Amino acid sequence: MERVLITGITGQDGAYLAKFLLEKGYEVYGTYRRLSTPNFWRLQYLEIFDSVNLIPADLVDTTSIVEAIKISEPDEVYHLAAQSFVGASFEQPVGTGEITGLGVTRVLEAIRQINPNIRFYQASTSELYGRGNLTSLSEDTPFQPSSPYAAAKLYGYWLTRIYREGYKIFACNGILFNHESPLRGLEFVTRKISNAVAKIALGIERELRLGNLDAKRDWGYAPEYVESMWLMLQQKEPDDYVIATNETHSVKEFAEKAFDVVGLDWQENVKVDKRFFRPLDVNFLQGDYSKAKQKLGWRPKVKFDKLVKIMVKEDLDRWEKWQSGERFPWDAPNYPTETKIVTRALRV
Ligand code: NAP
Ligand code: F7E
């Protein structure tokens, strides 16, 4: 049986990838951070919590990464763990560099020293492209990162290529455009919207406060995107691939469609709040996934309208069940309202 190590198994992609790889017959190991309160709700939600092996490790602690690779003896490592929220990277630029940037080196170096035959996937991102683009972006488009998060990911992107070319490690960058799902973290705009729409429709909340409504993103469906990670590591040669839908939509369109699902008018429920603007924002992202289609045989099936419906319906269903007393693993009831969170941006 092939063995796999997923860093960040408790996150959105980690949970979906673990499920996908278990179904493929892999023995799955995943790293998690030791927290005062357990954070396994996604694995429980997908009903795979009892099927995965969990290893405590932190990306700032090299010894724990080395240990994780020694314990799991993996054939493949999917490096998904990161401080992944762009907004937070402006509040925690040093920590983001340590975790999201240097963390990649710690994993790659452990692989090089312990077993350089391990295949490595790096969670690269469309944020690498940054600002100023207006056309579909491919593997050949130059990068111009526009946040501490993107700069840290650019470092990880190059480290991956350097270990591939310098040490002949089978290392791939998946340049994934935004991908969403009902397991998305609540601070990201799509889930923030779907969760608020459900609460407003049920009378639990009164309004939704958002920042830059004009930002455009290429939003795909996370369970489909994790398959592309696996496909990259099954090829004859390591390479880098864009994974996207080749469509772009604004935050405004997402909000409009989401309120449509519950028969409400977005304009009556959304307020623009300058606290949710970033010091720098990426206004346009659209990905050209031709190479992945041709070489991996990968293509997206769930597009924008369907994605919005999936997310709003699942959050609505969860809040309805919650109101009728049902209890299940889920993040939203314990999430503080944003007025309780004080950051530099949120204090303005
Ligand atoms: P996510 O839900 O935020 O999950 C991030 C994971 O990293 C969580 O398991 C988190 O653990 C873990 N983590 C954070 N800091 C850590 C640390 N210091 N040590 C060890 N683990 C740590 O992110 P995602 O959406 O699944 O994304 C997966 C990866 O793909 C990330 O690297 C992200 O930057 C990248 N990416 C995401 C997208 C997207 O649209 N989703 C697109 C392109 C690239 P906790 O659960 O304990 O917080
Ligand atoms: O923002 C705008 C915001 O935080 C999308 C991560 O997974 O995808 C994600 O990064 C857009 C931005 O995702 C709010 O300014 C408006 O323009 O959902 P987001 P992101 O920054 O694109 C990439 C590919 C990754 O790699 C990252 O890890 O929406 N926006 N109003 C807002 N964003 C948030 N979060 N909250 C708002 O109220």
# chains A, B, ... in the order shown; residues from 1 in each chain; ligands from 1
>>> closest_atom_pairs(of="segment 117-227 of chain A", to="segment 291-295 of chain A", cutoff="10 Å", atoms="only C-alpha atoms", output="tab-separated table")
residue	atom	partner	partner_atom	distance
A:Ser138	CA	A:Lys291	CA	8.4
A:Glu139	CA	A:Lys291	CA	8.3
A:Gly174	CA	A:Ala292	CA	9.8
>>> residues_near_ligand(ligand="ligand 2", cutoff="9 Å", atoms="only C-alpha atoms and all ligand atoms", output="PyMOL selection string")
chain A and resi 82-87+123-128+149-150+153+175-180+184-193+208-219+250-252+272-273+275-278+280-285
>>> select_by_dssp(residues="segment 78-318 of chain A", states="helix (DSSP H, G or I)", output="VMD selection string")
chain A and resid 86 to 91 93 to 114 126 to 129 148 to 167 189 to 201 222 to 233 251 to 261 266 to 269 274 to 276 290 to 296 304 to 318
>>> atom_distance(atom1="atom CA of Lys168 of chain A", atom2="atom 12 (C, counted along the ligand's line) of ligand 1")
27.1 Å
>>> residues_around(residues="Glu268 of chain A", least_positions_apart="3", cutoff="10 Å", atoms="only C-alpha atoms", output="VMD selection string")
chain A and resid 207 to 208 259 264 to 265 271
>>> atom_distance(atom1="atom CA of Phe328 of chain A", atom2="atom 35 (C, counted along the ligand's line) of ligand 1")
26.5 Å
>>> select_by_dssp(residues="segment 9-246 of chain A", states="strand (DSSP E or B)", output="VMD selection string")
chain A and resid 27 to 32 53 to 56 76 to 79 119 to 125 137 171 to 176 179 to 180 208 to 210 216 to 217 220 to 221 241 to 243
>>> write_last_selection(atoms="C-alpha atoms", output="short mmCIF file (atom, residue, chain, number, x, y, z; two decimals), in the first residue's frame")
data_model
loop_
_atom_site.label_atom_id
_atom_site.label_comp_id
_atom_site.auth_asym_id
_atom_site.auth_seq_id
_atom_site.Cartn_x
_atom_site.Cartn_y
_atom_site.Cartn_z
CA GLU A 27 -2.39 4.89 3.75
CA VAL A 28 -2.86 8.52 4.76
CA TYR A 29 -0.81 10.42 7.35
CA GLY A 30 -1.44 14.07 8.09
CA THR A 31 0.18 16.75 10.23
CA TYR A 32 -1.86 18.84 12.62
CA ASN A 53 -3.11 8.81 10.96
CA LEU A 54 -2.33 12.11 12.68
CA ILE A 55 1.16 13.43 13.47
CA PRO A 56 1.64 16.60 15.52
CA GLU A 76 4.34 11.29 -1.72
CA VAL A 77 4.21 14.50 0.35
CA TYR A 78 1.48 17.06 -0.30
CA HIS A 79 2.62 20.27 1.33
CA ARG A 119 7.52 12.99 -4.60
CA PHE A 120 6.61 16.52 -3.44
CA TYR A 121 3.61 18.75 -4.19
CA GLN A 122 3.82 22.47 -3.35
CA ALA A 123 0.56 24.41 -2.88
CA SER A 124 1.37 27.39 -5.08
CA THR A 125 -1.24 29.97 -5.87
CA LEU A 137 -2.98 33.76 -16.78
CA ALA A 171 8.75 18.39 -7.02
CA CYS A 172 5.73 20.11 -8.60
CA ASN A 173 4.05 23.47 -8.16
CA GLY A 174 0.27 23.42 -8.47
CA ILE A 175 -0.63 27.03 -9.27
CA LEU A 176 -4.19 26.76 -8.02
CA HIS A 179 -11.17 27.06 -4.88
CA GLU A 180 -14.03 27.01 -2.46
CA LEU A 208 -23.33 41.43 5.63
CA ARG A 209 -20.31 43.76 5.64
CA LEU A 210 -17.82 43.38 2.82
CA LYS A 216 -12.61 39.47 -9.57
CA ARG A 217 -11.61 35.88 -8.93
CA GLY A 220 -13.52 26.66 -8.64
CA TYR A 221 -14.71 23.76 -6.50
CA TYR A 241 0.53 23.50 -13.67
CA VAL A 242 -2.21 26.13 -13.51
CA ILE A 243 -5.51 24.78 -12.15
#
>>> closest_residue(among="A:Arg34, A:Arg131, A:Lys321, A:Arg206", to="ligand 1", atoms="only C-alpha atoms and all ligand atoms")
A:Arg34
>>> closest_residue(among="A:Leu202, A:Ile310, A:Val262, A:Ala18", to="ligand 1", atoms="only C-alpha atoms and all ligand atoms")
A:Ala18
>>> atom_distance(atom1="atom 16 (C, counted along the ligand's line) of ligand 1", atom2="atom CA of Arg42 of chain A")
15.9 Å
>>> closest_residue(among="A:Tyr129, A:Tyr16, A:Trp230, A:Tyr289", to="ligand 1", atoms="only C-alpha atoms and all ligand atoms")
A:Tyr16
>>> residues_around(residues="Asn195 of chain A", least_positions_apart="4", cutoff="8 Å", atoms="only C-alpha atoms", output="list in words")
Leu186, Arg191, Lys199, Val312, Asp315, Leu316 and Ala332 of chain A
>>> residues_around(residues="Pro333 of chain A", least_positions_apart="3", cutoff="9 Å", atoms="only C-alpha atoms", output="compact mmCIF listing (two decimals) with all heavy atoms, in the first residue's frame")
# COMPACT_ATOMS: atom_id res chain seq x y z
N TRP A 319 -27.55 25.65 9.35
CA TRP A 319 -28.17 26.56 10.33
C TRP A 319 -29.58 26.09 10.68
O TRP A 319 -30.01 26.21 11.83
CB TRP A 319 -28.18 28.00 9.82
CG TRP A 319 -26.85 28.69 10.06
CD1 TRP A 319 -25.96 29.10 9.12
CD2 TRP A 319 -26.28 29.03 11.33
NE1 TRP A 319 -24.85 29.67 9.71
CE2 TRP A 319 -25.02 29.65 11.07
CE3 TRP A 319 -26.67 28.89 12.65
CZ2 TRP A 319 -24.18 30.11 12.09
CZ3 TRP A 319 -25.84 29.35 13.66
CH2 TRP A 319 -24.61 29.95 13.38
N TRP A 322 -29.17 23.27 13.04
CA TRP A 322 -28.68 23.80 14.31
C TRP A 322 -29.83 24.41 15.11
O TRP A 322 -29.97 24.17 16.31
CB TRP A 322 -27.61 24.86 14.04
CG TRP A 322 -26.83 25.26 15.25
CD1 TRP A 322 -27.02 26.35 16.04
CD2 TRP A 322 -25.72 24.56 15.80
NE1 TRP A 322 -26.10 26.38 17.04
CE2 TRP A 322 -25.27 25.29 16.93
CE3 TRP A 322 -25.05 23.39 15.45
CZ2 TRP A 322 -24.20 24.88 17.71
CZ3 TRP A 322 -23.97 22.99 16.23
CH2 TRP A 322 -23.57 23.74 17.35
N TRP A 330 -18.75 21.42 13.21
CA TRP A 330 -19.00 22.56 12.33
C TRP A 330 -18.34 23.79 12.92
O TRP A 330 -18.32 23.96 14.14
CB TRP A 330 -20.53 22.73 12.26
CG TRP A 330 -21.05 23.81 11.39
CD1 TRP A 330 -20.50 24.27 10.23
CD2 TRP A 330 -22.24 24.56 11.60
NE1 TRP A 330 -21.28 25.26 9.70
CE2 TRP A 330 -22.35 25.45 10.52
CE3 TRP A 330 -23.22 24.57 12.60
CZ2 TRP A 330 -23.42 26.34 10.41
CZ3 TRP A 330 -24.28 25.44 12.48
CH2 TRP A 330 -24.37 26.32 11.39
N PRO A 336 -16.40 34.09 16.15
CA PRO A 336 -16.84 35.38 16.69
C PRO A 336 -17.34 36.31 15.59
O PRO A 336 -16.85 36.24 14.46
CB PRO A 336 -15.56 35.94 17.32
CG PRO A 336 -14.43 35.24 16.65
CD PRO A 336 -14.94 33.92 16.18
>>> residues_around(residues="Leu21 of chain A", least_positions_apart="2", cutoff="12 Å", atoms="only C-alpha atoms", output="number ranges by chain")
A: 1-6, 9, 13-19, 23-30, 48, 51-52, 76-78, 223, 226-231
>>> write_last_selection(atoms="C-alpha atoms", output="mmCIF file, in the first residue's frame")
data_model
loop_
_atom_site.group_PDB
_atom_site.id
_atom_site.type_symbol
_atom_site.label_atom_id
_atom_site.label_comp_id
_atom_site.auth_asym_id
_atom_site.auth_seq_id
_atom_site.Cartn_x
_atom_site.Cartn_y
_atom_site.Cartn_z
ATOM 1 C CA MET A 1 0.000 0.000 0.000
ATOM 2 C CA GLU A 2 1.408 3.427 -0.937
ATOM 3 C CA ARG A 3 1.835 5.932 1.859
ATOM 4 C CA VAL A 4 1.251 9.622 1.775
ATOM 5 C CA LEU A 5 1.907 12.575 4.101
ATOM 6 C CA ILE A 6 -0.371 15.630 3.903
ATOM 7 C CA ILE A 9 -4.701 17.838 6.830
ATOM 8 C CA ASP A 13 -7.825 21.056 0.908
ATOM 9 C CA GLY A 14 -6.134 18.707 3.363
ATOM 10 C CA ALA A 15 -9.461 17.157 4.334
ATOM 11 C CA TYR A 16 -10.693 16.725 0.749
ATOM 12 C CA LEU A 17 -7.334 15.384 -0.410
ATOM 13 C CA ALA A 18 -7.228 12.885 2.465
ATOM 14 C CA LYS A 19 -10.671 11.598 1.461
ATOM 15 C CA GLU A 23 -10.543 6.221 -1.773
ATOM 16 C CA LYS A 24 -7.521 5.557 -4.015
ATOM 17 C CA GLY A 25 -6.236 3.047 -1.417
ATOM 18 C CA TYR A 26 -3.394 5.096 0.110
ATOM 19 C CA GLU A 27 -2.390 4.886 3.750
ATOM 20 C CA VAL A 28 -2.864 8.516 4.763
ATOM 21 C CA TYR A 29 -0.811 10.419 7.347
ATOM 22 C CA GLY A 30 -1.444 14.068 8.091
ATOM 23 C CA ILE A 48 -12.701 10.107 7.579
ATOM 24 C CA SER A 51 -9.264 6.458 8.798
ATOM 25 C CA VAL A 52 -6.299 8.845 8.853
ATOM 26 C CA GLU A 76 4.341 11.291 -1.718
ATOM 27 C CA VAL A 77 4.214 14.498 0.349
ATOM 28 C CA TYR A 78 1.477 17.061 -0.300
ATOM 29 C CA PRO A 223 -12.999 18.651 -4.177
ATOM 30 C CA VAL A 226 -7.391 18.162 -5.009
ATOM 31 C CA GLU A 227 -7.516 15.524 -7.753
ATOM 32 C CA SER A 228 -5.197 17.702 -9.853
ATOM 33 C CA MET A 229 -2.598 17.600 -7.033
ATOM 34 C CA TRP A 230 -2.524 13.824 -7.185
ATOM 35 C CA LEU A 231 -2.433 13.793 -10.996
#
>>> closest_residue(among="A:Pro182, A:Pro148, A:Gly103, A:Gly297", to="Asp61 of chain A", atoms="only C-alpha atoms")
A:Gly103
>>> residues_around(residues="Glu109 of chain A", least_positions_apart="2", cutoff="12 Å", atoms="only C-alpha atoms", output="list in words")
Thr62, Thr63, Ile65, Val66, Ile69, Leu102, Gly103, Val104, Thr105, Arg106, Val107, Ile111, Arg112, Gln113, Ile114, Asn115, Pro116, Ile118, Phe120, Leu159, Thr160, Ile162, Tyr163, Arg164, Tyr167 and Ile169 of chain A
>>> write_last_selection(atoms="C-alpha atoms", output="short mmCIF file (atom, residue, chain, number, x, y, z; two decimals), in the first residue's frame")
data_model
loop_
_atom_site.label_atom_id
_atom_site.label_comp_id
_atom_site.auth_asym_id
_atom_site.auth_seq_id
_atom_site.Cartn_x
_atom_site.Cartn_y
_atom_site.Cartn_z
CA THR A 62 12.11 21.73 11.78
CA THR A 63 12.48 18.76 14.11
CA ILE A 65 8.75 18.11 10.21
CA VAL A 66 11.69 15.69 10.10
CA ILE A 69 8.53 12.31 7.44
CA LEU A 102 10.45 29.05 5.02
CA GLY A 103 8.14 26.15 5.91
CA VAL A 104 8.55 24.92 2.31
CA THR A 105 12.33 24.78 2.71
CA ARG A 106 11.99 22.84 5.95
CA VAL A 107 9.87 20.18 4.25
CA ILE A 111 12.92 15.12 2.08
CA ARG A 112 16.37 15.70 0.57
CA GLN A 113 18.09 14.39 3.68
CA ILE A 114 15.79 11.49 4.55
CA ASN A 115 14.63 10.16 1.17
CA PRO A 116 15.02 12.22 -2.02
CA ILE A 118 9.73 11.10 -2.15
CA PHE A 120 6.61 16.52 -3.44
CA LEU A 159 12.44 26.62 -3.67
CA THR A 160 10.35 23.87 -5.24
CA ILE A 162 15.42 24.77 -7.13
CA TYR A 163 15.12 21.38 -5.37
CA ARG A 164 13.70 19.90 -8.58
CA TYR A 167 18.66 17.81 -6.43
CA ILE A 169 13.62 15.75 -6.50
#
>>> closest_residue(among="A:Ser324, A:Gln286, A:Gln92, A:Thr100", to="ligand 1", atoms="only C-alpha atoms and all ligand atoms")
A:Thr100
>>> decode(residues="segment 61-115 of chain A", atoms="C-alpha atoms", output="short mmCIF file (atom, residue, chain, number, x, y, z; two decimals), in the first residue's frame")
data_model
loop_
_atom_site.label_atom_id
_atom_site.label_comp_id
_atom_site.auth_asym_id
_atom_site.auth_seq_id
_atom_site.Cartn_x
_atom_site.Cartn_y
_atom_site.Cartn_z
CA ASP A 61 9.68 23.56 14.08
CA THR A 62 12.11 21.73 11.78
CA THR A 63 12.48 18.76 14.11
CA SER A 64 8.74 18.05 14.03
CA ILE A 65 8.75 18.11 10.21
CA VAL A 66 11.69 15.69 10.10
CA GLU A 67 9.89 13.47 12.59
CA ALA A 68 6.67 13.52 10.53
CA ILE A 69 8.53 12.31 7.44
CA LYS A 70 10.41 9.64 9.38
CA ILE A 71 7.23 8.34 11.03
CA SER A 72 5.07 8.31 7.91
CA GLU A 73 7.75 7.05 5.45
CA PRO A 74 5.75 8.52 2.59
CA ASP A 75 5.97 7.90 -1.15
CA GLU A 76 4.34 11.29 -1.72
CA VAL A 77 4.21 14.50 0.35
CA TYR A 78 1.48 17.06 -0.30
CA HIS A 79 2.62 20.27 1.33
CA LEU A 80 -0.61 22.18 1.98
CA ALA A 81 0.02 23.68 5.43
CA ALA A 82 0.40 27.46 5.40
CA GLN A 83 -0.81 30.70 6.89
CA SER A 84 -3.19 30.90 3.94
CA PHE A 85 -5.25 34.05 4.55
CA VAL A 86 -3.99 36.99 2.46
CA GLY A 87 -5.67 39.54 4.75
CA ALA A 88 -3.91 38.12 7.83
CA SER A 89 -0.56 38.23 6.05
CA PHE A 90 -0.68 42.03 6.26
CA GLU A 91 -1.23 41.73 10.03
CA GLN A 92 1.37 38.94 10.49
CA PRO A 93 3.97 39.46 7.75
CA VAL A 94 6.88 37.90 9.66
CA GLY A 95 4.94 34.83 10.77
CA THR A 96 3.60 34.37 7.25
CA GLY A 97 7.16 34.42 5.90
CA GLU A 98 8.24 31.84 8.49
CA ILE A 99 5.32 29.49 7.95
CA THR A 100 4.23 29.96 4.34
CA GLY A 101 7.70 30.68 2.93
CA LEU A 102 10.45 29.05 5.02
CA GLY A 103 8.14 26.15 5.91
CA VAL A 104 8.55 24.92 2.31
CA THR A 105 12.33 24.78 2.71
CA ARG A 106 11.99 22.84 5.95
CA VAL A 107 9.87 20.18 4.25
CA LEU A 108 12.01 19.99 1.11
CA GLU A 109 15.24 19.81 3.07
CA ALA A 110 13.86 17.02 5.26
CA ILE A 111 12.92 15.12 2.08
CA ARG A 112 16.37 15.70 0.57
CA GLN A 113 18.09 14.39 3.68
CA ILE A 114 15.79 11.49 4.55
CA ASN A 115 14.63 10.16 1.17
#
